[in-house]
Amino acid sequence: MRSSRFFGSGGVSCDDVADALPGIVDGLEVADLEVQRHVAACLRCQAELVQYRKVLRTLHQLRTEVLEPAPGLLPDILAAIGAAGERRAIHDLLNGRRVAYVGGIAAATAAGAAGAILASRARRRVRLAS
Amino acid sequence: MVIPSDEARLVAAAKAGDSGAFTALVESTQADVYTLAYRLTGNEDDARDVAQEAYLRAFRSIKRFRGDARFSTWMYRITANCASTQLTRRSKGRHDELSDDDNVFDERPESDPEGMAEAGLLRDRVTEALADLPAILRAVVVLRDVYDLPHDAIASELGITESAAKVRLHRARRKLRERLFPMPGEEKARAV
Ligand SMILES: [Zn+2]
C-alpha cells in the first residue's frame, strides 16, 4: 500500500504511524513514545500530519457556513409544534392538569417574540453578506 | 444566534410554557439545525424531516433541558439523534447507506493540491468529500470536527459505543485526508 517503509529507531513503520495520525492530529490522543520518535524523524509522516491538520482546520471552518432552508420550513415546524401543543393541552385538560400552552403557537409568534425574531433576521443578513 | 443572555431568558420562558419564547428559539436556530441535518442526511427532504422532528422532540422535552449547554448545542444533539434514526430507517432494504465500505471516488485528485488549496476552494472540496463519505462515518466526523460535540455525546446520540465513535472518526478523517491530499502511493492504490 505504502511506497516508503521507513522504520525509525524504535521499529515503528510509517504504516503503524499512519494508523495513529488521525487520532493524534487534534491533540486529544497522545501518541506512543515510539510513534512520536518516528514522526520526529520521518518527513513523510510529518507531511501527512500537516495534511490532516489542513483537513481538520477546513472542517472546523464549515461550522460558520449556514445553509438557508427553503421558506416553508419554519411554518411547517411551527405548525407541527402548534399541533403537538394542542394535543398536549387537551391531554392535560382531560387529566385535570393546568394547561400551560394556551392558544396557537402562531398567535404567539406575532405577539410575544417580535424582538427575538428581529434579532435573528439581522443575523441572517450578516451571514448573507459574508 | 440570539445572544446568550437573551437565549437564557427565552429558554426559561419556554420551560415555563411560553410558546412564543419557544418559537423565538426555533426562529433563531432553525438555519443551523437545518444545516446540520443536511450535512448528516445529505439531502433536502430528509434534512427538513429531521429538523422538524428535532424541534418537535425539543418542544416535548424542553423542561428536561438543564441549561448548562447552549440551546443550539442541545438542538445539535437532538438533531444527530433524529438523523441517526432517519438514516437507519432509510437503510432498511438498502444495504449501502449504513455500510462503511470504501466509496468509489470518481473525481481525480487535483494535480497540485498544495497550490489549489486556497481556503474557499478547499472548503468546497471538503464539503464534496464529506457528502461522498458513507453516512455512518460522515455523522461522526461532522458532529466531532465541524460541530465540536464531545465523543460521549456523539456516541450516545448515534447509539454506538464511545470507542466505536472514535474508530469511525479516525476512519472518516483518514478517508478525507486520502481524498483531499493523497500521499505518494495512495493514488495508485485507489486506482486498483
Ligand atoms: Zn514515517
# chains A, B, ... in the order shown; residues from 1 in each chain; ligands from 1

$ closest_atom_pairs --of "chain A" --to "ligand 1" --cutoff "6 Å" --atoms "only C-alpha atoms and all ligand atoms" --output "CSV"
residue,atom,partner,partner_atom_place_in_ligand_line,distance
A:Phe6,CA,ligand 1,1 (Zn),5.6
A:Cys14,CA,ligand 1,1 (Zn),3.7
A:Val39,CA,ligand 1,1 (Zn),6.0
A:Cys42,CA,ligand 1,1 (Zn),4.6
A:Arg44,CA,ligand 1,1 (Zn),5.2
A:Cys45,CA,ligand 1,1 (Zn),4.2

$ write_last_selection --atoms "N, CA and C atoms" --output "tab-separated table (two decimals), in the first residue's frame"
chain	number	residue	atom	x	y	z
A	6	PHE	N	9.74	3.41	6.08
A	6	PHE	CA	10.77	3.90	6.96
A	6	PHE	C	10.53	3.36	8.37
A	14	CYS	N	6.01	3.51	8.96
A	14	CYS	CA	5.09	4.56	8.52
A	14	CYS	C	3.64	4.05	8.55
A	39	VAL	N	7.72	10.06	14.07
A	39	VAL	CA	7.27	11.26	13.36
A	39	VAL	C	8.36	12.35	13.40
A	42	CYS	N	10.71	11.36	10.62
A	42	CYS	CA	10.23	10.94	9.30
A	42	CYS	C	9.49	12.08	8.59
A	44	ARG	N	8.04	12.03	5.75
A	44	ARG	CA	6.79	11.59	5.12
A	44	ARG	C	5.62	11.68	6.10
A	45	CYS	N	5.83	11.17	7.29
A	45	CYS	CA	4.75	11.19	8.29
A	45	CYS	C	4.47	12.61	8.77

$ interface_residues --of "chain B" --to "chain A" --cutoff "8 Å" --atoms "only C-alpha atoms" --output "MDAnalysis selection string"
chainID B and resid 1:2 16:21 23:24 26:28 30:32 34:35 48 51:52 55:56 59 119 122:123 126 142 145:147 170:171 173:174 176:177 180:181 183:186 189

$ write_last_selection --atoms "N, CA and C atoms" --output "tab-separated table (two decimals), in the first residue's frame"
chain	number	residue	atom	x	y	z
B	1	MET	N	-27.79	33.81	15.68
B	1	MET	CA	-27.84	33.31	17.06
B	1	MET	C	-28.23	34.44	17.99
B	2	VAL	N	-29.25	34.22	18.82
B	2	VAL	CA	-29.56	35.23	19.82
B	2	VAL	C	-28.42	35.24	20.83
B	16	ALA	N	-41.19	27.47	31.10
B	16	ALA	CA	-42.37	27.82	31.89
B	16	ALA	C	-43.65	27.72	31.06
B	17	GLY	N	-43.52	27.36	29.78
B	17	GLY	CA	-44.71	27.16	28.96
B	17	GLY	C	-45.03	28.29	28.01
B	18	ASP	N	-44.10	29.22	27.83
B	18	ASP	CA	-44.33	30.34	26.91
B	18	ASP	C	-44.02	29.89	25.48
B	19	SER	N	-45.10	29.67	24.72
B	19	SER	CA	-44.89	29.14	23.37
B	19	SER	C	-44.22	30.16	22.46
B	20	GLY	N	-44.46	31.45	22.73
B	20	GLY	CA	-43.80	32.49	21.94
B	20	GLY	C	-42.29	32.43	22.10
B	21	ALA	N	-41.85	32.15	23.32
B	21	ALA	CA	-40.40	32.04	23.56
B	21	ALA	C	-39.83	30.85	22.81
B	23	THR	N	-41.01	29.58	20.10
B	23	THR	CA	-41.00	29.98	18.69
B	23	THR	C	-39.76	30.82	18.37
B	24	ALA	N	-39.45	31.74	19.28
B	24	ALA	CA	-38.27	32.58	19.04
B	24	ALA	C	-36.99	31.75	19.01
B	26	VAL	N	-36.81	28.64	18.02
B	26	VAL	CA	-36.83	27.94	16.73
B	26	VAL	C	-36.34	28.88	15.64
B	27	GLU	N	-36.90	30.09	15.67
B	27	GLU	CA	-36.53	31.09	14.66
B	27	GLU	C	-35.02	31.32	14.62
B	28	SER	N	-34.44	31.40	15.80
B	28	SER	CA	-33.03	31.79	15.85
B	28	SER	C	-32.09	30.63	15.57
B	30	GLN	N	-33.11	27.68	13.54
B	30	GLN	CA	-33.56	26.74	12.51
B	30	GLN	C	-32.58	26.61	11.34
B	31	ALA	N	-31.91	27.69	10.95
B	31	ALA	CA	-30.97	27.57	9.84
B	31	ALA	C	-29.79	26.68	10.22
B	32	ASP	N	-29.30	26.84	11.46
B	32	ASP	CA	-28.19	26.00	11.94
B	32	ASP	C	-28.61	24.53	12.03
B	34	TYR	N	-31.09	23.06	10.47
B	34	TYR	CA	-31.31	22.53	9.13
B	34	TYR	C	-29.97	22.21	8.46
B	35	THR	N	-28.99	23.09	8.63
B	35	THR	CA	-27.67	22.87	8.02
B	35	THR	C	-27.04	21.58	8.55
B	48	ARG	N	-35.17	18.36	6.04
B	48	ARG	CA	-36.41	19.01	6.51
B	48	ARG	C	-37.13	18.15	7.53
B	51	ALA	N	-35.12	18.09	10.78
B	51	ALA	CA	-35.21	19.35	11.51
B	51	ALA	C	-36.57	19.47	12.21
B	52	GLN	N	-37.62	19.12	11.49
B	52	GLN	CA	-38.97	19.22	12.07
B	52	GLN	C	-39.12	18.27	13.26
B	55	TYR	N	-37.21	19.55	16.35
B	55	TYR	CA	-37.89	20.61	17.12
B	55	TYR	C	-39.10	20.07	17.88
B	56	LEU	N	-39.78	19.10	17.28
B	56	LEU	CA	-40.90	18.50	18.00
B	56	LEU	C	-40.42	17.84	19.28
B	59	PHE	N	-39.45	20.47	21.77
B	59	PHE	CA	-40.66	21.08	22.36
B	59	PHE	C	-41.21	20.19	23.48
B	119	ALA	N	-8.35	28.74	0.47
B	119	ALA	CA	-9.30	28.33	1.50
B	119	ALA	C	-10.70	27.99	0.98
B	122	LEU	N	-10.77	24.79	-1.03
B	122	LEU	CA	-10.58	23.63	-0.18
B	122	LEU	C	-11.87	23.32	0.58
B	123	ARG	N	-12.55	24.37	1.02
B	123	ARG	CA	-13.84	24.15	1.71
B	123	ARG	C	-14.82	23.43	0.82
B	126	VAL	N	-13.80	19.85	0.56
B	126	VAL	CA	-14.09	19.11	1.79
B	126	VAL	C	-15.59	18.80	1.87
B	142	VAL	N	-18.70	14.90	11.16
B	142	VAL	CA	-19.41	16.18	11.16
B	142	VAL	C	-19.69	16.63	12.60
B	145	ASP	N	-15.85	17.12	14.31
B	145	ASP	CA	-14.87	18.07	13.76
B	145	ASP	C	-15.51	19.35	13.22
B	146	VAL	N	-16.79	19.31	12.89
B	146	VAL	CA	-17.44	20.55	12.47
B	146	VAL	C	-18.19	21.17	13.65
B	147	TYR	N	-18.95	20.35	14.38
B	147	TYR	CA	-19.82	20.89	15.42
B	147	TYR	C	-19.25	20.74	16.83
B	170	HIS	N	-11.74	8.25	13.21
B	170	HIS	CA	-10.40	8.10	12.61
B	170	HIS	C	-10.50	7.63	11.17
B	171	ARG	N	-11.41	6.70	10.91
B	171	ARG	CA	-11.60	6.23	9.53
B	171	ARG	C	-12.07	7.37	8.63
B	173	ARG	N	-11.67	10.64	9.08
B	173	ARG	CA	-10.59	11.62	8.87
B	173	ARG	C	-9.60	11.08	7.85
B	174	ARG	N	-9.30	9.80	7.96
B	174	ARG	CA	-8.32	9.22	7.05
B	174	ARG	C	-8.83	9.24	5.61
B	176	LEU	N	-10.99	11.30	4.33
B	176	LEU	CA	-10.98	12.69	3.84
B	176	LEU	C	-9.56	13.10	3.47
B	177	ARG	N	-8.63	12.78	4.34
B	177	ARG	CA	-7.23	13.14	4.07
B	177	ARG	C	-6.74	12.45	2.80
B	180	LEU	N	-8.38	14.22	-0.22
B	180	LEU	CA	-8.00	15.61	-0.46
B	180	LEU	C	-6.51	15.79	-0.67
B	181	PHE	N	-5.74	15.03	0.05
B	181	PHE	CA	-4.28	15.14	-0.05
B	181	PHE	C	-3.65	13.76	-0.17
B	183	MET	N	-1.24	10.89	-0.49
B	183	MET	CA	0.21	10.79	-0.33
B	183	MET	C	0.75	9.94	-1.48
B	184	PRO	N	2.03	10.07	-1.79
B	184	PRO	CA	2.61	9.24	-2.84
B	184	PRO	C	2.30	7.77	-2.58
B	185	GLY	N	1.80	7.09	-3.61
B	185	GLY	CA	1.49	5.67	-3.44
B	185	GLY	C	-0.01	5.44	-3.23
B	186	GLU	N	-0.70	6.42	-2.68
B	186	GLU	CA	-2.13	6.22	-2.40
B	186	GLU	C	-2.98	6.32	-3.65
B	189	ALA	N	-2.88	3.08	-5.28
B	189	ALA	CA	-3.61	2.10	-4.50
B	189	ALA	C	-5.11	2.23	-4.74

$ atom_distance --atom1 "atom CA of B:Asp49" --atom2 "atom CA of B:Ala155"
22.1 Å
